[in-house]
Amino acid sequence: MDVKPRRRNKINNNGRSAPRGRSGKPRVEGTDNAGDNKGGASDADPSAVKGKFATTEGSNEKKNSNFNSKKNNNRGKKKGGNADVKKTGEESTPSSSMQRHSKQTKPDHPDNGRNSNKAMDKRKKHLKSKSSQKRQNDKKTEDVTALSATAEPFQPGGASIISEEESPQAQAKSKHPTRNKGRNKKSDNDKKKQSKKEKGKNLTKEQSSASNIKPPNIPQTTNDLNYAAGSKITVLHVAEKPSIAQSISKGLCPSGKINSVGRSLPVHEFNNPSFPKAPNASKVVHRVTSVAGHVFSVDFPSQYQSWESTDPLELFTAPIAKKPCKGSIVKHLQSEAKGVDFIVLWMDCDREGENINFEVLDVTMHLMHGGSNAGSHYDRVYRAHFSAINPSDIMKAYHALGKPDKNQSLSVDARQELDLKVGVAFSRFQTRYFQGRYGDLDSAVLSYGPCQTPTLGFCVQRHVEMETFKPEPYWILDLTLLKSGRSCKALWDGGRTFNKNKIENYLQICSEAELGCIAKVNSVVSKEKKQGRPTPLNTIGLLKACSKALGIGPHTAMQVAERLYLQGYLSYPRTESTKYPASFDIKETLQSQSGDRYWGNYVCDLLHNGVNKPKGGVDMGDHPPITPMRAAGGTLSGDMARVYDLVTRHFIATVSHDAIWQSTKVCIEVDCLGEKGKFSIAGKELVTPGFLAIMMHKQYGDEHEPVEGLREGVEDEEERALPEFSVGEAIPISIGGSSNTRVSSNVKMAPSSSGSRASLSIKELMTTKPSYLTESELISRMEKHGIGTDASISTHIENILKRNYAELMPGRRIAPTKLGLVLCQGYHLIDSSLVLPKIRSDIEAECSRIAKGLANKDDVLRKAIETFQSKFEFFIKNIDKMDVLFGSSFARLADVGKPFTRCGQTRRYLQFIQGPPSRLYNKYTESVYPLPVGGTVKQWNEKRCPVDGCGFELCLYTVGSPARTFPLCPNCFNNPRKEWGELPDGGGSLAENAIDQDDEKKELQQKRLGGKTMTLDCPLQDGHPLISSMAVSPDPDSGGLLILDPTGGQKLKLLSTRSPTTVYLPQCIQKITILDDVNEVLKCHLMRIIFKPGESPLEDGSVKYVCCFPEDEMMQKLIRVFYGSDRLKAQGDEEGEEAVEGEAAEGGEEAEKDGEVGGDGR
């Protein structure tokens, strides 16, 4: 669709636009929604945007005068006076203006002979009015500029700049072109000069403003409904995951006539239903596909990837590059977007989803029908808002399409860039500094994260509180009553005392009472209390409930909830809302659960008796609370069934009635102690279970009325039936004591008419230290301090566990490890703000302001990066303070490890450092030799490397499933040579220049020390003399070599150096010797084979045979080829993930996509 440039709309006093035609009535020109014009022309009804662009005629005339007055200023001054301007949409001459506005103040000219004070006052008043008018005019011009920049079509590459014909002055000139003919040339020239100045001024303002203004957030409400009338159109729907794309296609095409093609990212194509934004199209072809999460990842350009040559401080000012997560996804999107008329985005309705929306638009919008100008197509881009993927919700979203929210996407960009720069800078510096000093750090990368580190800080803070806690004894009065054969403990209202003498005096007073000590019942209060039903469930509530009630960790709980969502069982699990929207159909959702065998009867009774109004809560405007979307019907199992059960029961409970308890409180007073002798007994009995009949866990619900008389930290009424007490009843007390308290034996006991009695004694207790934080408590602290979002909190907790900074204890409690303690304490020594939540909380708040359009992304980023850069510089200068802690907690490289293999230069044993990362260390030369990551390393019978000048003892490196073993020289692995070919772990070829080669080797070593690379095949280059001497055939599949298994064994086999391929040789072979003879064409060695006696496959039965394996037809028929996996089943997975994540940015959902290096074989 060709789109003409939209003329700039003028602004009224309320900042709203009302372009007008010659009739003077409001006119909508190319708008598709309020404040969201992206270039398409339309004749839509103006009433559709009433309140946003519509304005009264009077206000429109008043605002137009601001521009006209500037044009006449010069002309008025030439005539010796300040010309007045008529307040209408028309321009007028100075004379007509003064005649028509006689009520306005007309300043006297100094040459007219009237120099009275009155004239001077008039002049001052007019000049002041004129100055005020000019300021208003400038302000309104800036408002025009801001709105114009906001309403510009979306430009993926940068901001738009207003052309001359779009400027407010150009509009004012072209408004009535015929009215300027009668003006003299001088006045016209003055006007042109003034207009040119105004234009330059406005252009400068707009350039600075437009660079900060992004595509608007206001949902689109109108568009050209006559687009492609009578023609065929194609609508491309893009979802975030393939499973959602499939659900969308089924929801839009219930008839099932869908043509699906493709495997990894299927495309579902079907005709109809009609498209609501182009209802007059003759035919609609729907094409539904998806991405797989984020299309792009944030990273530094290649020149900043080097750990060795890049100063971490440079990263704070380094540019950021967005790199495709998978190039195939970009190609797929571009292929499907060619020539489509509309794009509908179906990403998850959160900030990450909005960010993915604009990633998709960056690679598709310029390919839409109508030319390569991407901005002009934004009018035909829509966004579906949905909270569940069942057919009814999909159709509702389809008929209520809006626009993607750029501000939310920008908030994600800001967080990603900040986390990348801060996290990588600190992580690189820490890792390089400490990994070269200590050998038992138990972590491949010492990572820092703006969210991860404060999360760890909460755990360390509780650990410190536990370690510094000093138990103290305290004493209470213990009153036990025996009534009707039942024993009841009464709670002392005096709380507790740390003064033993004080409480012994109380007991002495009671023991010395002449008439005996009496416990008198002062009051018995019995009343009904309600226990409130729970509020609807949001993400934080779900994570806490799963941890407390089900014993499922936050990370696993989110994964399970997402799987349930993708399968249509639950609504979207990432939400902050705890209030159902007005449009939510509670009865329909309940009806879908009425057939369940566990709670079906309860639901039927609830529907019959009437659903209760949900309790309070907050609607955050993102998604409804988490609710069941369809019945499971016994199809789920394991954690999925348990989480679904919890969510469903919680939802039913939120619309159930409150539980009603009969609460009884008995107040008792020991007469001889007066005010110090008050006690109470409380109990409750369930009258009406209400929501408790459906709930399985008591932590839901809360008391509307707190129980009085209980000291802080004491549980309220116990669920029990109390004996019958009557007011005024007197119960005799026998005085006891504690184990070390002496009480007089001459205690008088008053008689009791009811047969009841009581005993009073002193009870000694000890204050107890706090326990480690539970997952639920940690989540609450993170939420309170603004660390992470509802979508990322679980990831941050998982990170500190996976990176060995904390460990999970029994009872779902999290305790910091030695490494986590040293890191956090080191941060506190240098700069406490690095670990305290304040800074990150402020950043999250600023990101939220960006998402709401209240803050500028660049400003927020600049301030945050400047703050962290200054902290990083201070951190570097004071790193020795943290080093002291590391030195007292970890062993230096020279003091750890065990003798492993000999060095080729010194003939001294190298120490094997387990790591991670595992490495060999020469304590005499202080040289470090990183070992390959991804497999296991073991010794190999003191064999030495054949390379001249090396002589290191060889190791064996085992990787893959089934296991493949290769020879390894620690020195040659870390000092490759160009003539030996490409590097084994995907590093390509070395540079030609020797100096560049040296840099590349150092860089490779740094990456291996940091766990940044994995070696999943032969660790030595194919051209290495040792590997060449073992090669018996090229590998046609991978381009590598087939070498004889160096371990020998009963099953002789050939191993591919560059793929998980194993060639099993026939069992009739007894021995194989690799000869020095080489096939000059294939560049492989000949083999001498000795067959087992009586099992030779040769026709003459001989047992000796020499062959060139790849050319020998007999051997080719006897072998068996197996394609395995390049990963060990139980070795290397954790190290590999840690290596990939060590430098990754935190937050949101990108932190959850912890990719695994390597695949599952062929």
# chains A, B, ... in the order shown; residues from 1 in each chain; ligands from 1
$ residues_around --residues "Asp348 of chain A" --least-positions-apart "6" --cutoff "8 Å" --atoms "only C-alpha atoms" --output "list in words"
Glu240, Glu354 and Phe386 of chain A
$ write_last_selection --atoms "all heavy atoms" --output "PDB file, in the first residue's frame"
ATOM      1  N   GLU A 240       5.272 -17.086  19.476  1.00  0.00           N
ATOM      2  CA  GLU A 240       6.578 -17.167  20.145  1.00  0.00           C
ATOM      3  C   GLU A 240       7.128 -18.581  20.154  1.00  0.00           C
ATOM      4  O   GLU A 240       8.331 -18.774  20.222  1.00  0.00           O
ATOM      5  CB  GLU A 240       6.459 -16.652  21.577  1.00  0.00           C
ATOM      6  CG  GLU A 240       7.790 -16.481  22.279  1.00  0.00           C
ATOM      7  CD  GLU A 240       7.686 -15.728  23.584  1.00  0.00           C
ATOM      8  OE1 GLU A 240       6.784 -14.876  23.714  1.00  0.00           O
ATOM      9  OE2 GLU A 240       8.505 -15.975  24.471  1.00  0.00           O
ATOM     10  N   GLU A 354       6.970  -8.320  24.048  1.00  0.00           N
ATOM     11  CA  GLU A 354       6.995  -7.098  23.240  1.00  0.00           C
ATOM     12  C   GLU A 354       8.360  -6.904  22.577  1.00  0.00           C
ATOM     13  O   GLU A 354       8.456  -6.447  21.439  1.00  0.00           O
ATOM     14  CB  GLU A 354       6.659  -5.888  24.105  1.00  0.00           C
ATOM     15  CG  GLU A 354       5.246  -5.873  24.670  1.00  0.00           C
ATOM     16  CD  GLU A 354       4.172  -5.745  23.599  1.00  0.00           C
ATOM     17  OE1 GLU A 354       4.520  -5.524  22.421  1.00  0.00           O
ATOM     18  OE2 GLU A 354       2.982  -5.875  23.936  1.00  0.00           O
ATOM     19  N   PHE A 386      -3.601 -11.861  24.568  1.00  0.00           N
ATOM     20  CA  PHE A 386      -4.310 -13.051  25.031  1.00  0.00           C
ATOM     21  C   PHE A 386      -3.631 -13.563  26.289  1.00  0.00           C
ATOM     22  O   PHE A 386      -2.451 -13.293  26.536  1.00  0.00           O
ATOM     23  CB  PHE A 386      -4.310 -14.137  23.955  1.00  0.00           C
ATOM     24  CG  PHE A 386      -2.933 -14.584  23.537  1.00  0.00           C
ATOM     25  CD1 PHE A 386      -2.385 -15.762  24.005  1.00  0.00           C
ATOM     26  CD2 PHE A 386      -2.174 -13.811  22.665  1.00  0.00           C
ATOM     27  CE1 PHE A 386      -1.126 -16.166  23.636  1.00  0.00           C
ATOM     28  CE2 PHE A 386      -0.912 -14.203  22.276  1.00  0.00           C
ATOM     29  CZ  PHE A 386      -0.372 -15.389  22.772  1.00  0.00           C
TER      30      PHE A 386
END
$ closest_atom_pairs --of "segment 631-668 of chain A" --to "segment 535-543 of chain A" --cutoff "8 Å" --atoms "only C-alpha atoms" --output "tab-separated table"
residue	atom	partner	partner_atom	distance
A:Val647	CA	A:Leu537	CA	7.7
A:His650	CA	A:Leu537	CA	7.4
A:Phe651	CA	A:Pro536	CA	6.6
A:Thr654	CA	A:Thr535	CA	5.9
$ write_last_selection --atoms "all heavy atoms" --output "PDB file, in the first residue's frame"
ATOM      1  N   VAL A 647      -3.149 -25.176  41.428  1.00  0.00           N
ATOM      2  CA  VAL A 647      -3.717 -23.975  40.807  1.00  0.00           C
ATOM      3  C   VAL A 647      -5.234 -24.062  40.753  1.00  0.00           C
ATOM      4  O   VAL A 647      -5.953 -23.097  41.048  1.00  0.00           O
ATOM      5  CB  VAL A 647      -3.126 -23.770  39.395  1.00  0.00           C
ATOM      6  CG1 VAL A 647      -3.853 -22.638  38.669  1.00  0.00           C
ATOM      7  CG2 VAL A 647      -1.639 -23.461  39.484  1.00  0.00           C
ATOM      8  N   HIS A 650      -6.775 -23.699  44.168  1.00  0.00           N
ATOM      9  CA  HIS A 650      -6.647 -22.308  44.603  1.00  0.00           C
ATOM     10  C   HIS A 650      -7.689 -21.427  43.919  1.00  0.00           C
ATOM     11  O   HIS A 650      -8.318 -20.572  44.558  1.00  0.00           O
ATOM     12  CB  HIS A 650      -5.241 -21.799  44.269  1.00  0.00           C
ATOM     13  CG  HIS A 650      -4.944 -20.444  44.843  1.00  0.00           C
ATOM     14  ND1 HIS A 650      -4.125 -20.259  45.926  1.00  0.00           N
ATOM     15  CD2 HIS A 650      -5.378 -19.201  44.504  1.00  0.00           C
ATOM     16  CE1 HIS A 650      -4.054 -18.986  46.222  1.00  0.00           C
ATOM     17  NE2 HIS A 650      -4.806 -18.319  45.360  1.00  0.00           N
ATOM     18  N   PHE A 651      -7.900 -21.644  42.623  1.00  0.00           N
ATOM     19  CA  PHE A 651      -8.904 -20.850  41.907  1.00  0.00           C
ATOM     20  C   PHE A 651     -10.291 -21.081  42.488  1.00  0.00           C
ATOM     21  O   PHE A 651     -11.051 -20.134  42.744  1.00  0.00           O
ATOM     22  CB  PHE A 651      -8.896 -21.208  40.422  1.00  0.00           C
ATOM     23  CG  PHE A 651     -10.141 -20.784  39.700  1.00  0.00           C
ATOM     24  CD1 PHE A 651     -10.399 -19.438  39.459  1.00  0.00           C
ATOM     25  CD2 PHE A 651     -11.085 -21.714  39.288  1.00  0.00           C
ATOM     26  CE1 PHE A 651     -11.552 -19.036  38.826  1.00  0.00           C
ATOM     27  CE2 PHE A 651     -12.240 -21.328  38.651  1.00  0.00           C
ATOM     28  CZ  PHE A 651     -12.473 -19.981  38.414  1.00  0.00           C
ATOM     29  N   THR A 654     -10.774 -19.238  45.681  1.00  0.00           N
ATOM     30  CA  THR A 654     -10.900 -17.779  45.630  1.00  0.00           C
ATOM     31  C   THR A 654     -12.343 -17.329  45.441  1.00  0.00           C
ATOM     32  O   THR A 654     -12.680 -16.188  45.781  1.00  0.00           O
ATOM     33  CB  THR A 654     -10.054 -17.205  44.480  1.00  0.00           C
ATOM     34  OG1 THR A 654     -10.507 -17.737  43.218  1.00  0.00           O
ATOM     35  CG2 THR A 654      -8.585 -17.516  44.669  1.00  0.00           C
TER      36      THR A 654
END
$ residues_around --residues "segment 1059-1074 of chain A" --least-positions-apart "4" --cutoff "9 Å" --atoms "only C-alpha atoms" --output "PyMOL selection string"
chain A and resi 960-962+964+1016-1018+1029-1032+1035+1037-1040+1042+1044+1050-1055+1085-1097+1103+1115+1118-1127+1161-1162
$ residues_around --residues "Lys396 of chain A" --least-positions-apart "5" --cutoff "10 Å" --atoms "only C-alpha atoms" --output "JSON, numbers by chain"
{"A": [384, 385, 386, 391, 401]}
$ atom_distance --atom1 "atom CA of Arg849 of chain A" --atom2 "atom CA of Lys421 of chain A"
21.0 Å
$ closest_atom_pairs --of "segment 453-536 of chain A" --to "segment 833-840 of chain A" --cutoff "12 Å" --atoms "only C-alpha atoms" --output "tab-separated table"
residue	atom	partner	partner_atom	distance
A:Thr453	CA	A:Val835	CA	5.6
A:Pro454	CA	A:Val835	CA	4.7
A:Thr455	CA	A:Pro837	CA	8.1
A:Leu456	CA	A:Val835	CA	8.1
A:Gly457	CA	A:Val835	CA	5.8
A:Phe458	CA	A:Leu836	CA	8.4
A:Cys459	CA	A:Val835	CA	11.2
A:Val460	CA	A:Val835	CA	10.1
A:Gln461	CA	A:Leu836	CA	10.0
$ select_by_dssp --residues "segment 414-530 of chain A" --states "alpha helix (DSSP H)" --output "PyMOL selection string"
chain A and resi 414-435+452-467+500-511
$ residues_around --residues "Ile762 of chain A" --least-positions-apart "2" --cutoff "8 Å" --atoms "only C-alpha atoms" --output "ChimeraX atom specification"
/A:475-478,503-504,507,736-738,760,764
$ write_last_selection --atoms "C-alpha atoms" --output "mmCIF file, in the first residue's frame"
data_model
loop_
_atom_site.group_PDB
_atom_site.id
_atom_site.type_symbol
_atom_site.label_atom_id
_atom_site.label_comp_id
_atom_site.auth_asym_id
_atom_site.auth_seq_id
_atom_site.Cartn_x
_atom_site.Cartn_y
_atom_site.Cartn_z
ATOM 1 C CA TRP A 475 12.041 -17.366 81.645
ATOM 2 C CA ILE A 476 8.252 -17.425 81.591
ATOM 3 C CA LEU A 477 5.509 -18.310 84.076
ATOM 4 C CA ASP A 478 3.926 -21.598 83.094
ATOM 5 C CA ILE A 503 10.353 -14.183 87.830
ATOM 6 C CA GLU A 504 11.488 -16.060 90.949
ATOM 7 C CA LEU A 507 6.720 -17.303 92.218
ATOM 8 C CA GLY A 736 6.062 -25.634 91.532
ATOM 9 C CA GLY A 737 9.465 -24.438 90.261
ATOM 10 C CA SER A 738 12.104 -24.946 87.681
ATOM 11 C CA LEU A 760 2.236 -22.603 88.420
ATOM 12 C CA GLU A 764 13.387 -21.761 81.304
#
$ closest_residue --among "A:Leu910, A:Leu418, A:Val235, A:Pro273" --to "Thr867 of chain A" --atoms "only C-alpha atoms"
A:Leu418
$ closest_residue --among "A:Gly370, A:Gly516, A:Gly353, A:Gly904" --to "Tyr227 of chain A" --atoms "only C-alpha atoms"
A:Gly370
$ atom_distance --atom1 "atom CA of Gly621 of chain A" --atom2 "atom CA of Ala397 of chain A"
15.4 Å
